[in-house]
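**Q** The structure file model.cif (mmCIF, C-alpha atoms) is provided below.
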```cif
data_coords
loop_
_atom_site.label_atom_id
_atom_site.label_comp_id
_atom_site.auth_asym_id
_atom_site.auth_seq_id
_atom_site.Cartn_x
_atom_site.Cartn_y
_atom_site.Cartn_z
CA MET T 1 0.00 0.00 0.00
CA PRO T 2 1.23 3.51 -0.77
CA ARG T 3 2.63 5.69 2.01
CA TYR T 4 1.52 9.32 2.42
CA VAL T 5 1.98 12.35 4.61
CA ALA T 6 -0.94 14.60 5.51
CA LEU T 7 0.00 18.17 6.35
CA LEU T 8 -2.81 19.69 8.38
CA ARG T 9 -3.56 23.38 8.80
CA ALA T 10 -4.66 24.81 12.16
CA ILE T 11 -3.43 22.02 14.41
CA ASN T 12 -2.00 23.29 17.72
CA VAL T 13 -1.98 26.93 16.60
CA GLY T 14 -4.45 29.75 17.09
CA GLY T 15 -6.14 28.21 20.11
CA HIS T 16 -6.82 24.85 18.43
CA THR T 17 -5.12 22.27 20.65
CA VAL T 18 -5.28 18.66 19.49
CA LYS T 19 -3.62 15.73 21.23
CA MET T 20 -1.63 13.61 18.81
CA GLU T 21 -3.29 10.41 20.05
CA ALA T 22 -6.71 11.87 19.18
CA LEU T 23 -5.41 12.81 15.75
CA ARG T 24 -4.08 9.28 15.20
CA ARG T 25 -7.45 7.82 16.23
CA CYS T 26 -9.21 9.96 13.60
CA PHE T 27 -6.93 8.57 10.89
CA VAL T 28 -7.28 4.98 12.10
CA ALA T 29 -11.09 5.37 12.09
CA LEU T 30 -10.79 6.12 8.36
CA ASP T 31 -9.20 2.67 7.88
CA LEU T 32 -5.81 4.21 7.24
CA GLU T 33 -2.90 2.11 8.43
CA GLU T 34 0.55 2.57 9.99
CA VAL T 35 -0.56 5.97 11.31
CA SER T 36 1.99 8.08 13.15
CA THR T 37 2.38 11.76 13.91
CA VAL T 38 5.56 13.78 13.53
CA ILE T 39 5.89 16.57 16.08
CA ALA T 40 2.71 18.21 17.33
CA SER T 41 2.08 20.45 14.34
CA GLY T 42 -0.27 18.40 12.18
CA ASN T 43 2.06 16.12 10.25
CA VAL T 44 0.62 12.61 9.93
CA LEU T 45 2.22 9.66 8.16
CA PHE T 46 0.01 6.79 7.01
CA THR T 47 -0.56 4.11 4.39
CA ALA T 48 -3.72 3.81 2.33
CA GLY T 49 -4.77 1.50 -0.43
CA GLY T 50 -6.84 2.38 -3.46
CA SER T 51 -7.14 6.09 -2.82
CA ARG T 52 -5.86 9.12 -4.65
CA PRO T 53 -4.40 12.04 -2.70
CA ALA T 54 -7.32 14.38 -3.52
CA ALA T 55 -9.85 11.79 -2.33
CA LEU T 56 -7.81 11.21 0.82
CA GLU T 57 -7.74 14.94 1.49
CA ARG T 58 -11.55 15.15 1.30
CA ARG T 59 -12.03 12.11 3.54
CA ILE T 60 -9.58 13.37 6.14
CA GLU T 61 -11.01 16.91 6.10
CA GLY T 62 -14.53 15.56 6.65
CA ALA T 63 -13.48 13.32 9.52
CA LEU T 64 -11.45 16.03 11.22
CA ALA T 65 -14.24 18.61 10.91
CA ALA T 66 -16.65 16.15 12.55
CA ALA T 67 -14.20 15.18 15.30
CA LEU T 68 -12.73 18.61 16.06
CA GLY T 69 -15.63 20.94 15.28
CA TYR T 70 -13.72 23.14 12.83
CA GLU T 71 -12.36 22.89 9.29
CA VAL T 72 -8.85 21.53 8.89
CA ALA T 73 -7.41 22.08 5.44
CA THR T 74 -5.48 18.94 4.52
CA PHE T 75 -2.67 18.52 2.01
CA VAL T 76 -1.65 14.94 1.16
CA ARG T 77 1.71 14.25 -0.44
CA THR T 78 3.62 11.12 -1.40
CA PRO T 79 7.15 10.54 -0.05
CA ARG T 80 8.48 11.34 -3.54
CA GLN T 81 6.65 14.68 -3.57
CA MET T 82 7.98 15.50 -0.10
CA ARG T 83 11.56 14.70 -1.16
CA ALA T 84 11.15 16.91 -4.25
CA ALA T 85 9.72 19.77 -2.16
CA ALA T 86 12.59 19.51 0.32
CA ALA T 87 15.22 19.33 -2.43
CA HIS T 88 13.96 22.35 -4.35
CA ALA T 89 16.19 25.34 -3.57
CA PRO T 90 14.76 28.41 -5.31
CA PHE T 91 17.00 30.84 -3.40
CA GLY T 92 20.25 28.89 -3.47
CA PRO T 93 22.19 28.58 -0.24
CA LEU T 94 20.60 30.29 2.76
CA GLY T 95 22.48 33.00 4.60
CA ASP T 96 23.12 33.10 8.34
CA GLY T 97 19.87 33.89 10.09
CA ASP T 98 17.72 32.98 7.07
CA SER T 99 14.83 30.57 7.47
CA LEU T 100 13.13 28.67 4.67
CA TYR T 101 9.48 27.69 4.84
CA VAL T 102 7.48 25.56 2.43
CA GLY T 103 3.79 26.30 1.97
CA PHE T 104 1.72 23.37 0.77
CA LEU T 105 -1.20 24.19 -1.53
CA GLY T 106 -4.19 22.30 -2.87
CA THR T 107 -3.42 23.39 -6.43
CA PRO T 108 -0.37 25.06 -7.96
CA LEU T 109 -0.52 28.84 -8.27
CA ASP T 110 -1.56 30.14 -11.65
CA ALA T 111 0.04 33.21 -13.23
CA ALA T 112 -2.20 35.58 -11.26
CA GLY T 113 -1.39 33.77 -8.02
CA ARG T 114 2.33 33.98 -8.78
CA ARG T 115 2.01 37.75 -9.26
CA VAL T 116 0.19 38.03 -5.92
CA LEU T 117 2.92 35.96 -4.27
CA ALA T 118 5.66 38.15 -5.76
CA ALA T 119 3.92 41.25 -4.37
CA PHE T 120 4.50 39.91 -0.84
CA GLY T 121 8.27 40.23 -1.37
CA THR T 122 10.19 42.72 0.76
CA ASP T 123 13.81 43.30 1.70
CA VAL T 124 13.21 40.66 4.39
CA ASP T 125 10.94 38.16 2.62
CA ASP T 126 11.48 36.37 -0.71
CA PHE T 127 8.96 34.05 -2.35
CA ALA T 128 8.90 31.47 -5.11
CA ALA T 129 6.34 28.97 -6.35
CA HIS T 130 7.11 25.51 -7.67
CA ALA T 131 4.65 22.71 -8.38
CA GLY T 132 2.07 22.66 -5.54
CA GLU T 133 4.30 24.48 -3.09
CA VAL T 134 5.30 28.03 -2.19
CA TYR T 135 8.75 28.80 -0.81
CA TRP T 136 9.36 31.64 1.63
CA ARG T 137 12.82 32.80 2.66
CA CYS T 138 12.65 35.01 5.73
CA ARG T 139 15.71 36.95 6.86
CA MET T 140 14.40 37.48 10.41
CA ARG T 141 12.14 35.65 12.81
CA SER T 142 9.01 34.72 10.90
CA SER T 143 6.88 36.14 13.72
CA ASP T 144 8.46 39.56 13.04
CA SER T 145 7.70 39.45 9.31
CA THR T 146 4.67 41.21 7.84
CA PHE T 147 3.84 38.05 5.84
CA THR T 148 1.24 35.70 7.29
CA ASN T 149 -0.45 32.55 6.08
CA ARG T 150 -3.85 34.19 6.55
CA LYS T 151 -2.89 37.17 4.32
CA PHE T 152 -1.54 34.80 1.70
CA GLU T 153 -4.67 32.62 1.70
CA LYS T 154 -6.94 35.64 1.39
CA ALA T 155 -4.88 37.09 -1.45
CA VAL T 156 -4.68 33.90 -3.54
CA GLY T 157 -8.08 32.47 -2.63
CA GLN T 158 -6.94 29.07 -1.41
CA SER T 159 -5.80 27.39 1.78
CA ALA T 160 -2.17 26.67 2.57
CA THR T 161 -0.11 25.33 5.43
CA PHE T 162 3.53 26.30 5.97
CA ARG T 163 6.33 24.23 7.46
CA ASN T 164 9.92 25.12 8.24
CA ILE T 165 12.19 23.22 5.83
CA THR T 166 13.82 21.57 8.84
CA THR T 167 10.51 19.88 9.69
#
```
Represent the structure of the file as structure tokens.
**A**
Amino acid sequence: MPRYVALLRAINVGGHTVKMEALRRCFVALDLEEVSTVIASGNVLFTAGGSRPAALERRIEGALAAALGYEVATFVRTPRQMRAAAAHAPFGPLGDGDSLYVGFLGTPLDAAGRRVLAAFGTDVDDFAAHAGEVYWRCRMRSSDSTFTNRKFEKAVGQSATFRNITT
């Protein structure tokens, strides 16, 4: 059976606290196997037979909304897709103090979305899009940047979840 990772938005941030055991139980209840969580930020590894990533996303989102009482945007990737996302280096080597974040999207940005993304650039923040991901290089603490996931989602009209490249 194929192995997947689900990257969940709004898990253990913004007042939404979810125990990892409860999260694992939700995935097991969907008949997903070999379920494990990676750190407490909404990263779930699992195996699933006969499903496509988009169908898995819908199933997981429905189950999590029912169990948690709020919508949880879900982005399912294969190990190969995760390796490709981690290997992509749109900014070359990072400088001292730089952080790199990967934003996972439901669909790749179109030309208009890429223009919106570019408009977020500052002397502190650089952005690039590749496949179904957005890359953000931040030259300070991300919490001190003017860029936020919420602003990005509103501007491009789709959900996203960001992870530090070290995750």
**Q** Could you pull the residues within 10 Å of Asp31 (chain T), counting all atoms listed in the file, minus those fewer than 6 positions along the same chain, as a list in words?
**A** Arg25, Thr47, Ala48 and Gly49 of chain T
**Q** Region 74-145 of chain T near region 3-15 of chain T within 8 Å: what's each residue's closest atom pair and its distance in Å to one decimal, counting only C-alpha atoms, ordered by chain then ascending residue number, as CSV?
**A**
```
residue,atom,partner,partner_atom,distance
T:Thr74,CA,T:Leu8,CA,4.8
T:Phe75,CA,T:Leu7,CA,5.1
T:Val76,CA,T:Ala6,CA,4.4
T:Arg77,CA,T:Val5,CA,5.4
T:Thr78,CA,T:Tyr4,CA,4.7
T:Pro79,CA,T:Tyr4,CA,6.3
T:Phe104,CA,T:Leu7,CA,7.8
```
**Q** Can you pull out the residues contacting Ala119 (chain T)? Cut-off 12 Å, using all atoms listed in the file, and skip same-chain residues under 4 positions away; I want them as a list of chain:residue names.
**A**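 Once the adjacent positions are removed, what remains is T:Ala112, T:Gly113, T:Arg114, T:Arg115, T:Asp123, T:Asp125, T:Asp126, T:Phe127, T:Ala128, T:Phe147, T:Lys151, T:Phe152, T:Ala155, T:Val156.
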**Q** For the atom pair CA of Glu33 (chain T) and CA of Thr107 (chain T), what is the interatomic distance in Å to one decimal place?
**A** 26.0 Å
**Q** Using only C-alpha atoms, pick whichever of T:Phe162, T:Gly121, T:Gly106, T:Arg83 has the shortest atom-to-atom distance to Ala55 (chain T).
**A**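 With only C-alpha atoms as the atom set, the closest residue is T:Gly106.
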**Q** Here's the selection I'm unsure about, the PyMOL selection byres ((chain T and resi 101) around 9); applied to the file above, which residues does it give, as an MDAnalysis selection string?
**A** chainID T and resid 99:100 102:103 134:138 162:166
